[in-house]
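my_file-v8.cif (mmCIF, C-alpha atoms) appears below.
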data_run
#
loop_
_atom_site.label_atom_id
_atom_site.label_comp_id
_atom_site.auth_asym_id
_atom_site.auth_seq_id
_atom_site.Cartn_x
_atom_site.Cartn_y
_atom_site.Cartn_z
CA MET A 1 21.75 15.50 1.73
CA ALA A 2 25.12 15.27 3.33
CA LYS A 3 27.89 14.28 0.95
CA THR A 4 30.44 13.14 3.53
CA TRP A 5 30.17 12.10 7.15
CA LYS A 6 31.68 15.39 8.25
CA GLU A 7 28.56 17.21 7.05
CA LEU A 8 26.20 15.08 9.12
CA PRO A 9 24.36 16.94 11.88
CA VAL A 10 25.20 16.14 15.49
CA GLY A 11 23.05 13.33 16.84
CA ASN A 12 22.24 12.19 13.31
CA ILE A 13 19.04 14.18 13.23
CA VAL A 14 17.42 14.77 9.87
CA PHE A 15 16.09 18.32 9.82
CA GLU A 16 14.68 18.60 6.35
CA PRO A 17 11.36 16.85 5.65
CA GLY A 18 11.18 14.96 2.39
CA SER A 19 14.94 15.19 1.84
CA ALA A 20 14.88 11.83 0.02
CA ARG A 21 13.93 13.83 -3.09
CA GLU A 22 17.63 14.48 -3.58
CA TYR A 23 18.34 10.78 -3.78
CA LYS A 24 18.46 9.57 -7.35
CA THR A 25 16.52 6.32 -7.68
CA GLY A 26 16.58 6.64 -11.47
CA ASP A 27 19.87 4.80 -11.79
CA TRP A 28 18.24 1.57 -10.53
CA ARG A 29 16.44 1.42 -13.82
CA SER A 30 16.97 -1.37 -16.35
CA GLN A 31 13.98 -0.41 -18.50
CA ARG A 32 12.94 3.07 -19.49
CA PRO A 33 9.40 4.23 -20.25
CA ILE A 34 9.07 5.91 -23.63
CA TRP A 35 5.83 7.82 -23.97
CA ASP A 36 3.88 9.08 -26.92
CA GLN A 37 2.05 12.29 -26.15
CA GLU A 38 -0.29 11.96 -29.12
CA LYS A 39 -1.98 8.91 -27.64
CA CYS A 40 -2.30 10.46 -24.16
CA ILE A 41 -5.89 11.24 -23.16
CA LYS A 42 -4.78 13.06 -19.98
CA CYS A 43 -6.66 10.64 -17.72
CA GLY A 44 -3.96 10.39 -15.06
CA ALA A 45 -4.14 6.62 -14.52
CA CYS A 46 -0.33 6.37 -14.78
CA TYR A 47 0.01 9.12 -12.19
CA MET A 48 -2.32 7.24 -9.82
CA PHE A 49 -0.54 3.91 -10.19
CA CYS A 50 3.11 5.00 -10.19
CA PRO A 51 4.68 3.69 -6.96
CA GLU A 52 7.48 6.25 -7.16
CA GLY A 53 5.35 9.33 -7.71
CA ALA A 54 7.61 9.96 -10.70
CA ILE A 55 4.78 10.78 -13.10
CA SER A 56 3.21 14.23 -13.05
CA MET A 57 1.04 16.30 -15.36
CA ASN A 58 2.55 19.16 -17.29
CA GLU A 59 0.79 22.48 -17.89
CA GLU A 60 -1.20 21.14 -20.79
CA GLY A 61 -2.28 18.11 -18.79
CA TYR A 62 -0.13 15.48 -20.45
CA ALA A 63 1.68 12.88 -18.39
CA VAL A 64 5.41 13.43 -17.96
CA VAL A 65 7.84 10.97 -16.36
CA ASP A 66 10.61 12.27 -14.15
CA LEU A 67 13.49 9.96 -15.07
CA TYR A 68 15.41 11.09 -12.00
CA PHE A 69 13.05 8.96 -9.89
CA CYS A 70 11.64 6.38 -12.33
CA LYS A 71 12.83 2.88 -11.37
CA GLY A 72 11.42 1.36 -14.55
CA CYS A 73 8.86 -1.02 -13.07
CA GLY A 74 6.61 -0.83 -16.13
CA ILE A 75 3.32 -0.41 -14.26
CA CYS A 76 2.51 2.68 -16.37
CA ALA A 77 2.97 0.69 -19.58
CA ARG A 78 0.73 -2.04 -18.23
CA GLU A 79 -2.03 0.21 -16.89
CA CYS A 80 -2.21 2.97 -19.53
CA TRP A 81 -5.65 2.91 -21.18
CA THR A 82 -4.42 3.87 -24.61
CA GLY A 83 -0.96 2.35 -24.52
CA CYS A 84 1.14 5.51 -24.70
CA PHE A 85 3.90 3.98 -22.65
CA LYS A 86 6.39 1.51 -24.04
CA MET A 87 9.24 0.03 -22.07
CA LEU A 88 12.64 0.11 -23.72
CA ALA A 89 15.83 -1.45 -22.38
CA GLU A 90 17.92 1.24 -20.71
CA ASP A 91 21.04 0.47 -22.79
CA GLU A 92 19.09 0.81 -26.02
CA ALA A 93 17.54 4.05 -24.88
CA LYS A 94 20.96 5.42 -23.98
CA LEU A 95 22.36 4.36 -27.35
CA LYS A 96 19.51 6.13 -29.13
CA GLU A 97 20.06 9.23 -27.05
CA GLY A 98 23.75 9.17 -27.92
CA LYS A 99 23.04 9.03 -31.63
CA LYS A 100 20.87 12.12 -31.45
CA MET B 1 -18.99 8.91 -21.98
CA ASP B 2 -17.62 7.64 -18.74
CA LEU B 3 -15.95 10.54 -16.98
CA SER B 4 -14.83 8.43 -14.05
CA VAL B 5 -11.76 7.66 -16.17
CA TYR B 6 -10.64 11.18 -15.39
CA ALA B 7 -11.14 10.92 -11.63
CA SER B 8 -7.36 10.80 -11.05
CA ARG B 9 -7.17 14.44 -12.04
CA CYS B 10 -9.18 15.49 -8.99
CA VAL B 11 -6.67 13.99 -6.56
CA GLU B 12 -4.45 16.47 -4.75
CA THR B 13 -1.00 16.56 -6.29
CA PRO B 14 1.51 17.46 -3.55
CA GLU B 15 3.12 14.29 -2.24
CA LYS B 16 3.25 13.98 1.53
CA PHE B 17 5.29 10.85 1.02
CA SER B 18 8.13 12.13 -1.11
CA GLN B 19 9.86 10.55 -4.09
CA GLY B 20 13.26 8.98 -3.73
CA HIS B 21 12.23 6.22 -1.37
CA ARG B 22 14.11 2.91 -1.63
CA GLY B 23 11.13 0.64 -2.29
CA CYS B 24 11.61 -2.31 -4.62
CA VAL B 25 10.79 -1.85 -8.27
CA GLY B 26 7.02 -2.15 -8.71
CA CYS B 27 6.22 -2.19 -4.99
CA GLY B 28 2.48 -2.29 -4.39
CA GLU B 29 2.84 -1.46 -0.73
CA VAL B 30 4.54 1.88 -1.27
CA LEU B 31 1.90 2.67 -3.87
CA ALA B 32 -0.80 1.98 -1.28
CA LEU B 33 1.08 4.22 1.17
CA ARG B 34 1.26 7.00 -1.41
CA GLN B 35 -2.47 6.74 -1.95
CA VAL B 36 -3.14 6.75 1.80
CA PHE B 37 -1.15 9.98 2.11
CA LYS B 38 -3.17 11.57 -0.66
CA ALA B 39 -6.24 11.06 1.53
CA VAL B 40 -4.95 12.19 4.93
CA GLY B 41 -4.65 15.81 5.97
CA ARG B 42 -1.51 17.73 6.94
CA ASP B 43 -2.35 17.61 10.64
CA THR B 44 -1.56 13.95 11.03
CA ILE B 45 0.95 12.18 13.24
CA VAL B 46 2.21 8.95 11.75
CA ILE B 47 3.17 6.07 14.02
CA ASN B 48 5.06 3.56 11.95
CA ALA B 49 5.95 0.02 12.94
CA THR B 50 9.18 -1.61 11.84
CA GLY B 51 8.87 -3.11 8.41
CA CYS B 52 9.35 -2.40 4.73
CA MET B 53 7.70 1.01 4.90
CA GLU B 54 9.93 2.16 7.74
CA ILE B 55 13.16 0.86 6.19
CA ILE B 56 12.68 2.25 2.71
CA ALA B 57 11.42 5.63 3.86
CA SER B 58 13.96 6.62 6.48
CA THR B 59 17.36 5.69 5.11
CA PHE B 60 19.84 7.97 6.80
CA PRO B 61 20.67 10.82 6.00
CA THR B 62 17.43 11.32 4.14
CA THR B 63 13.79 11.00 5.03
CA THR B 64 10.74 10.54 2.87
CA TRP B 65 8.24 11.79 5.44
CA GLU B 66 6.85 15.28 5.25
CA ILE B 67 4.54 15.01 8.23
CA PRO B 68 5.39 14.15 11.86
CA TRP B 69 6.53 10.57 12.05
CA ILE B 70 7.66 8.26 14.82
CA HIS B 71 9.21 4.86 14.39
CA THR B 72 8.17 2.16 16.83
CA LEU B 73 8.96 -1.47 17.34
CA PHE B 74 6.92 -4.27 15.85
CA GLU B 75 5.00 -4.96 19.00
CA ASN B 76 4.01 -1.56 20.31
CA THR B 77 2.74 0.50 17.38
CA ALA B 78 -0.82 0.65 18.67
CA ALA B 79 0.42 1.23 22.24
CA VAL B 80 2.55 4.21 21.16
CA ALA B 81 -0.35 5.54 19.11
CA SER B 82 -2.68 5.35 22.09
CA GLY B 83 -0.05 7.06 24.27
CA ILE B 84 0.36 9.94 21.84
CA GLU B 85 -3.39 10.26 21.45
CA THR B 86 -3.92 10.37 25.21
CA ALA B 87 -1.13 12.93 25.69
CA TYR B 88 -2.71 15.09 23.02
CA LYS B 89 -6.07 14.91 24.78
CA VAL B 90 -4.54 15.85 28.13
CA MET B 91 -2.60 18.78 26.65
CA LYS B 92 -5.81 20.01 25.10
CA ARG B 93 -7.70 19.70 28.36
CA LYS B 94 -5.00 21.64 30.21
CA GLY B 95 -5.20 24.41 27.63
CA ILE B 96 -1.63 23.98 26.34
CA TYR B 97 -2.93 23.24 22.84
CA PRO B 98 -5.63 25.48 21.34
CA LYS B 99 -9.18 24.17 21.50
CA ASP B 100 -9.75 24.24 17.75
CA LEU B 101 -6.68 22.13 16.99
CA SER B 102 -7.63 18.90 15.30
CA VAL B 103 -4.83 16.37 14.97
CA LYS B 104 -5.37 12.88 13.56
CA PHE B 105 -3.34 9.80 14.40
CA LEU B 106 -2.38 7.28 11.80
CA ALA B 107 -0.69 4.03 12.81
CA LEU B 108 0.94 2.01 10.04
CA GLY B 109 2.07 -1.58 10.24
CA GLY B 110 2.82 -4.50 8.00
CA ASP B 111 1.00 -7.78 8.23
CA GLY B 112 3.63 -9.20 10.59
CA ALA B 113 3.42 -6.16 12.86
CA THR B 114 -0.37 -6.37 12.85
CA ALA B 115 -1.40 -9.99 12.67
CA ASP B 116 1.48 -11.58 14.59
CA ILE B 117 3.72 -9.43 16.77
CA GLY B 118 1.64 -6.33 17.46
CA LEU B 119 -1.73 -8.03 17.77
CA GLN B 120 -2.12 -7.70 21.51
CA ALA B 121 -1.18 -4.01 21.57
CA LEU B 122 -3.62 -3.39 18.74
CA SER B 123 -6.32 -5.34 20.51
CA GLY B 124 -5.74 -3.33 23.67
CA ALA B 125 -5.86 0.00 21.84
CA MET B 126 -9.07 -0.97 20.07
CA GLU B 127 -10.63 -2.13 23.31
CA ARG B 128 -9.74 1.14 25.09
CA GLY B 129 -11.33 3.04 22.24
CA HIS B 130 -8.53 5.46 21.33
CA ASN B 131 -9.29 7.80 18.50
CA PHE B 132 -6.87 6.64 15.81
CA LEU B 133 -6.73 4.93 12.45
CA TYR B 134 -4.71 1.76 12.11
CA VAL B 135 -3.69 0.82 8.58
CA CYS B 136 -2.28 -2.64 7.95
CA PHE B 137 -0.32 -3.18 4.74
CA ASP B 138 -0.74 -6.85 4.03
CA ASN B 139 1.85 -8.27 1.66
CA GLU B 140 1.34 -11.74 3.09
CA ALA B 141 4.79 -12.48 4.58
CA TYR B 142 7.77 -10.80 6.27
CA MET B 143 9.06 -9.37 3.00
CA ASN B 144 11.55 -6.95 4.52
CA THR B 145 13.73 -9.65 6.05
CA GLY B 146 13.50 -11.98 3.06
CA VAL B 147 10.05 -13.57 2.71
CA GLN B 148 9.43 -15.48 5.93
CA ARG B 149 5.95 -16.76 6.60
CA SER B 150 3.61 -14.71 8.78
CA GLY B 151 0.14 -15.27 10.14
CA ALA B 152 -1.25 -13.56 7.07
CA THR B 153 0.44 -15.85 4.54
CA PRO B 154 -2.21 -17.67 2.50
CA TYR B 155 -2.54 -21.42 2.23
CA GLY B 156 -0.16 -22.99 -0.28
CA ALA B 157 2.27 -20.07 -0.55
CA SER B 158 5.92 -21.02 -0.61
CA THR B 159 8.12 -18.81 1.56
CA THR B 160 11.64 -19.27 2.85
CA THR B 161 10.40 -20.62 6.18
CA SER B 162 7.54 -22.61 4.67
CA PRO B 163 9.19 -23.93 1.51
CA ALA B 164 7.24 -26.09 -0.89
CA GLY B 165 8.54 -29.65 -1.13
CA LYS B 166 7.62 -32.17 1.51
CA THR B 167 4.63 -30.02 2.43
CA ILE B 168 2.53 -27.76 0.25
CA GLY B 169 4.26 -24.63 1.56
CA GLN B 170 2.18 -22.69 4.04
CA VAL B 171 -0.13 -25.28 5.58
CA THR B 172 -2.50 -22.97 7.44
CA TRP B 173 -5.04 -20.49 6.13
CA LYS B 174 -4.59 -16.75 6.23
CA LYS B 175 -5.51 -15.11 9.50
CA ASN B 176 -8.67 -13.09 9.06
CA MET B 177 -7.51 -9.76 10.49
CA PRO B 178 -10.58 -7.66 9.50
CA ALA B 179 -12.80 -10.18 11.33
CA ILE B 180 -10.61 -9.86 14.44
CA ALA B 181 -10.93 -6.08 14.25
CA ILE B 182 -14.69 -6.35 13.79
CA ALA B 183 -14.88 -8.61 16.82
CA HIS B 184 -13.63 -5.66 18.92
CA ASN B 185 -16.82 -3.82 18.05
CA ILE B 186 -15.02 -0.75 16.75
CA PRO B 187 -16.88 1.82 14.64
CA TYR B 188 -15.08 1.36 11.33
CA VAL B 189 -13.31 -1.57 9.64
CA ALA B 190 -12.58 -1.81 5.93
CA THR B 191 -10.49 -3.67 3.41
CA ALA B 192 -8.87 -1.83 0.52
CA ASN B 193 -6.68 -2.50 -2.47
CA PRO B 194 -4.32 -0.09 -4.28
CA ALA B 195 -5.67 -1.37 -7.60
CA TYR B 196 -8.86 0.53 -6.67
CA PRO B 197 -7.31 3.84 -5.58
CA PHE B 198 -10.45 5.95 -5.13
CA ASP B 199 -12.14 3.33 -3.02
CA LEU B 200 -8.97 3.19 -0.88
CA MET B 201 -8.76 6.95 -0.45
CA GLU B 202 -12.45 7.20 0.40
CA LYS B 203 -12.02 4.58 3.11
CA VAL B 204 -8.97 6.29 4.61
CA LYS B 205 -10.90 9.57 4.77
CA LYS B 206 -13.83 7.82 6.41
CA GLY B 207 -11.57 6.00 8.87
CA GLN B 208 -9.93 9.26 9.91
CA ALA B 209 -13.20 11.09 10.32
CA VAL B 210 -14.68 8.41 12.58
CA GLU B 211 -14.63 9.03 16.34
CA GLY B 212 -12.86 6.10 17.95
CA PRO B 213 -10.59 3.38 16.58
CA ALA B 214 -10.75 2.49 12.90
CA TYR B 215 -8.97 -0.30 11.10
CA ILE B 216 -8.18 -0.60 7.38
CA HIS B 217 -6.63 -3.71 5.91
CA ILE B 218 -4.82 -2.91 2.66
CA TYR B 219 -3.79 -5.64 0.30
CA SER B 220 -0.30 -4.81 -0.99
CA PRO B 221 1.09 -6.79 -3.91
CA CYS B 222 4.81 -7.51 -3.46
CA PRO B 223 6.53 -8.55 -6.70
CA THR B 224 9.73 -9.45 -4.85
CA GLY B 225 8.15 -11.82 -2.36
CA TRP B 226 5.43 -13.16 -4.59
CA ARG B 227 7.96 -13.86 -7.33
CA CYS B 228 6.06 -12.12 -10.09
CA PRO B 229 7.10 -9.47 -12.63
CA PRO B 230 7.08 -5.94 -11.15
CA ASP B 231 4.79 -4.50 -13.81
CA LEU B 232 2.02 -6.92 -12.86
CA SER B 233 1.62 -5.86 -9.23
CA ILE B 234 -1.52 -3.79 -9.94
CA ARG B 235 -2.94 -6.54 -12.09
CA TYR B 236 -2.51 -9.14 -9.35
CA GLY B 237 -4.19 -6.78 -6.92
CA ARG B 238 -7.12 -6.57 -9.31
CA TYR B 239 -7.19 -10.34 -9.81
CA ALA B 240 -7.29 -10.84 -6.04
CA THR B 241 -10.46 -8.80 -5.77
CA GLU B 242 -12.06 -10.11 -8.95
CA SER B 243 -11.48 -13.71 -7.91
CA CYS B 244 -12.89 -12.95 -4.41
CA VAL B 245 -9.63 -13.94 -2.71
CA PHE B 246 -9.57 -10.44 -1.22
CA PRO B 247 -13.08 -8.92 -1.32
CA LEU B 248 -13.53 -5.21 -0.71
CA PHE B 249 -16.00 -4.46 2.03
CA GLU B 250 -16.48 -2.11 4.93
CA TYR B 251 -18.04 -2.50 8.32
CA GLU B 252 -19.63 0.60 9.77
CA ASN B 253 -21.45 0.62 13.10
CA GLY B 254 -22.54 -2.99 12.86
CA LYS B 255 -23.42 -2.97 9.18
CA TYR B 256 -21.48 -4.65 6.39
CA THR B 257 -21.32 -3.07 2.94
CA LEU B 258 -19.85 -4.74 -0.10
CA ASN B 259 -17.96 -2.07 -2.05
CA LYS B 260 -17.21 -4.13 -5.08
CA ASP B 261 -19.79 -6.74 -5.86
CA ILE B 262 -18.31 -9.38 -8.16
CA GLU B 263 -21.13 -10.90 -10.14
CA LYS B 264 -19.02 -13.41 -12.00
CA PRO B 265 -15.83 -14.11 -10.04
CA ILE B 266 -12.88 -15.13 -12.18
CA PRO B 267 -11.35 -18.51 -11.26
CA VAL B 268 -8.77 -18.44 -8.48
CA SER B 269 -6.31 -20.16 -10.81
CA THR B 270 -6.03 -16.89 -12.82
CA TYR B 271 -4.79 -15.20 -9.66
CA LEU B 272 -2.51 -18.04 -8.57
CA LYS B 273 -1.02 -18.62 -12.00
CA GLY B 274 2.07 -16.57 -12.68
CA GLN B 275 3.00 -16.04 -9.05
CA GLY B 276 6.18 -17.94 -8.23
CA ARG B 277 5.07 -18.62 -4.67
CA PHE B 278 2.12 -20.71 -5.94
CA ARG B 279 3.79 -22.41 -8.88
CA HIS B 280 4.05 -25.82 -7.17
CA LEU B 281 0.29 -26.10 -6.60
CA ALA B 282 -1.36 -29.09 -8.29
CA GLU B 283 -4.85 -28.99 -9.74
CA GLN B 284 -6.51 -30.52 -6.67
CA ASP B 285 -4.79 -27.91 -4.44
CA VAL B 286 -6.18 -25.13 -6.59
CA ALA B 287 -9.63 -26.73 -6.41
CA TYR B 288 -9.28 -26.91 -2.63
CA ILE B 289 -8.39 -23.20 -2.45
CA GLN B 290 -11.24 -22.35 -4.84
CA ASN B 291 -13.68 -24.18 -2.59
CA HIS B 292 -12.44 -22.28 0.48
CA VAL B 293 -12.64 -18.94 -1.33
CA ASN B 294 -16.17 -19.72 -2.54
CA ASN B 295 -17.32 -20.49 1.00
CA ASP B 296 -15.76 -17.31 2.39
CA TRP B 297 -17.29 -15.22 -0.37
CA ALA B 298 -20.75 -16.72 0.16
CA ALA B 299 -20.50 -16.08 3.91
CA LEU B 300 -19.43 -12.46 3.35
CA LYS B 301 -22.21 -11.86 0.83
CA LYS B 302 -24.75 -13.23 3.25
CA ARG B 303 -23.48 -10.91 5.98
CA CYS B 304 -23.69 -7.93 3.63
CA GLN B 305 -27.28 -8.71 2.71
CA GLU B 306 -28.42 -8.84 6.31
#

Kindly transcribe the structure held in the file into structure tokens.
Amino acid sequence: MAKTWKELPVGNIVFEPGSAREYKTGDWRSQRPIWDQEKCIKCGACYMFCPEGAISMNEEGYAVVDLYFCKGCGICARECWTGCFKMLAEDEAKLKEGKK
Amino acid sequence: MDLSVYASRCVETPEKFSQGHRGCVGCGEVLALRQVFKAVGRDTIVINATGCMEIIASTFPTTTWEIPWIHTLFENTAAVASGIETAYKVMKRKGIYPKDLSVKFLALGGDGATADIGLQALSGAMERGHNFLYVCFDNEAYMNTGVQRSGATPYGASTTTSPAGKTIGQVTWKKNMPAIAIAHNIPYVATANPAYPFDLMEKVKKGQAVEGPAYIHIYSPCPTGWRCPPDLSIRYGRYATESCVFPLFEYENGKYTLNKDIEKPIPVSTYLKGQGRFRHLAEQDVAYIQNHVNNDWAALKKRCQE
């Protein structure tokens, strides 16, 4: 992704497919999903219903949220079968992170 | 033990519609698009009408598309699709493209681009029998420009150009796009809903495999325009099908199939309640809508049993 206008290609052509991956949508977030791996049954419902495609499965099969993309809509918390996901206000989550 | 819970794990993981798009928080339309792209193959050319999906996916200098994509105007999506499809056929006939090449064409449009502005181009393309799949993402208004009414806005919905007050909001019923597509006698028509992802993906695969035009109408919850919380967009999609407001069916070579038979429909009020666009509806309005929905559902069921 070009940082300044001087880096833009001539004719404003985008050459790289899927270059939007560099764009951070995570800072739109006002709520953050907090997930509990112990409750996860590895079903993948959150992965199927995430509009951002921010949720993926790690090597062991547990759901992992990529906070770089997560916009904090809360669909995962609503649709999770076992209720692993909880939504926490972003400020609170940041405060907690800071304390650690 | 019901293993269908784990069906999501069989879906292919690479995203052909990349992350980092600028869709609203909790957008049901972009979710439907993501699911559509899980079902289509790599050899697909996407023809995309103006609308939410074009705006959020191609913000300069980035792009969300990983497969060939062309942006068209509202009115000529189906026309451009038929042009590309014909050019492909000619190139193949002249031997410029290899014989075993198999490219699919996927036209995407919102409900405004399909039901209102692009209807005549779509009708023409269906009539000429081009081999392409048209997918309509129906979020029931022109959401991209700020919730103006469209032909697909349901009765009673309040939008910025049909505000509730002196009138009930939208005073006409939703245009029945699948029925219009069926009237063209095309091989495949279906309705789908992102709250039922596997049904949706199955239909997209079927629609692409069919020789000739196919049409899929996808119900796309829009928290921004419907004035509901973003985390409920899947739930409202589910309510719409369970209350028979948006039944899931497919039409294949003259035969209707009901994909999700609702034995005991939930009341329409469950679906209407909680959406800001329907909050002004009085009890008798809800009863009126319920009556209409019941009639439509009975008619559809009858057609499916034939």

Distance cut-off 8 Å, counting only C-alpha atoms - which residues of chain A neighbour chain B? Return them as a count of residues only. 36

Can you work out the spacing between CA of Asn294 (chain B) and CA of Phe246 (chain B) in Å, to one decimal?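 It comes out at 11.5 Å.
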
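Comparing the minimum interatomic distances between Thr153 (chain B) and each of B:Met177, B:Ile45, B:Met201, B:Ala299, counting all atoms listed in the file, we find that B:Met177 sits nearest.
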
Picked residues, the PyMOL selection byres ((chain B and resi 189) around 8), expected as a PyMOL selection string: chain B and resi 178+181-182+186-188+190-191+207+214-217+250-252

What's the 12 Å shell around His292 (chain B), counting only C-alpha atoms, without same-chain residues fewer than 3 positions away, as a PyMOL selection string? chain B and resi 154-155+173-174+244-245+268+285-289+295-299

Expand the PyMOL selection byres ((chain A and resi 33) around 8) into the explicit residue set it covers here, and present it as a ChimeraX atom specification. /A:31-32,34-35,65,72,74,77,85-88

I want to know what sits within 12 Å of Glu60 (chain A), based on all atoms listed in the file, with residues of the same chain fewer than 5 positions away left out; could you give that as a ChimeraX atom specification? /A:37,40-42

Starting from the displayed file, determine the output of the PyMOL selection byres ((chain B and resi 222-227) around 6) and express the residue list as a PyMOL selection string. chain B and resi 27-28+139+143+147+221+228+230+275-277

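If you look at CA of Ser243 (chain B) and CA of Asn193 (chain B), they are 13.4 Å away from each other.
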
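When CA of Pro9 (chain A) is paired with CA of His71 (chain B), their separation reads 19.5 Å.
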
Residue neighbourhood Ile168 (chain B), 8 Å, all atoms listed in the file, exclusion window fewer than 5 positions, as a list in words: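 Contacts, in chain order: Gly156, Ala157, Ser158, Pro163, His280 and Leu281 of chain B.
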
Choose the residue, out of B:Ser123, B:Asn259, B:Lys273, B:Ala141, that has the smallest atom-to-atom separation from Tyr219 (chain B); count all atoms listed in the file.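 Nearest candidate to Tyr219 (chain B) out of B:Ser123, B:Asn259, B:Lys273, B:Ala141: B:Ala141.
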
Would you compute the box with edges along x, y and z of the file around region 137-141 of chain B, including every atom the file lists for it and 8 Å extra on each side, and give its centre and edge lengths in Å to one decimal, as lines of an AutoDock Vina configuration file?
center_x = 2.0
center_y = -7.8
center_z = 3.2
size_x = 21.5
size_y = 25.3
size_z = 19.1
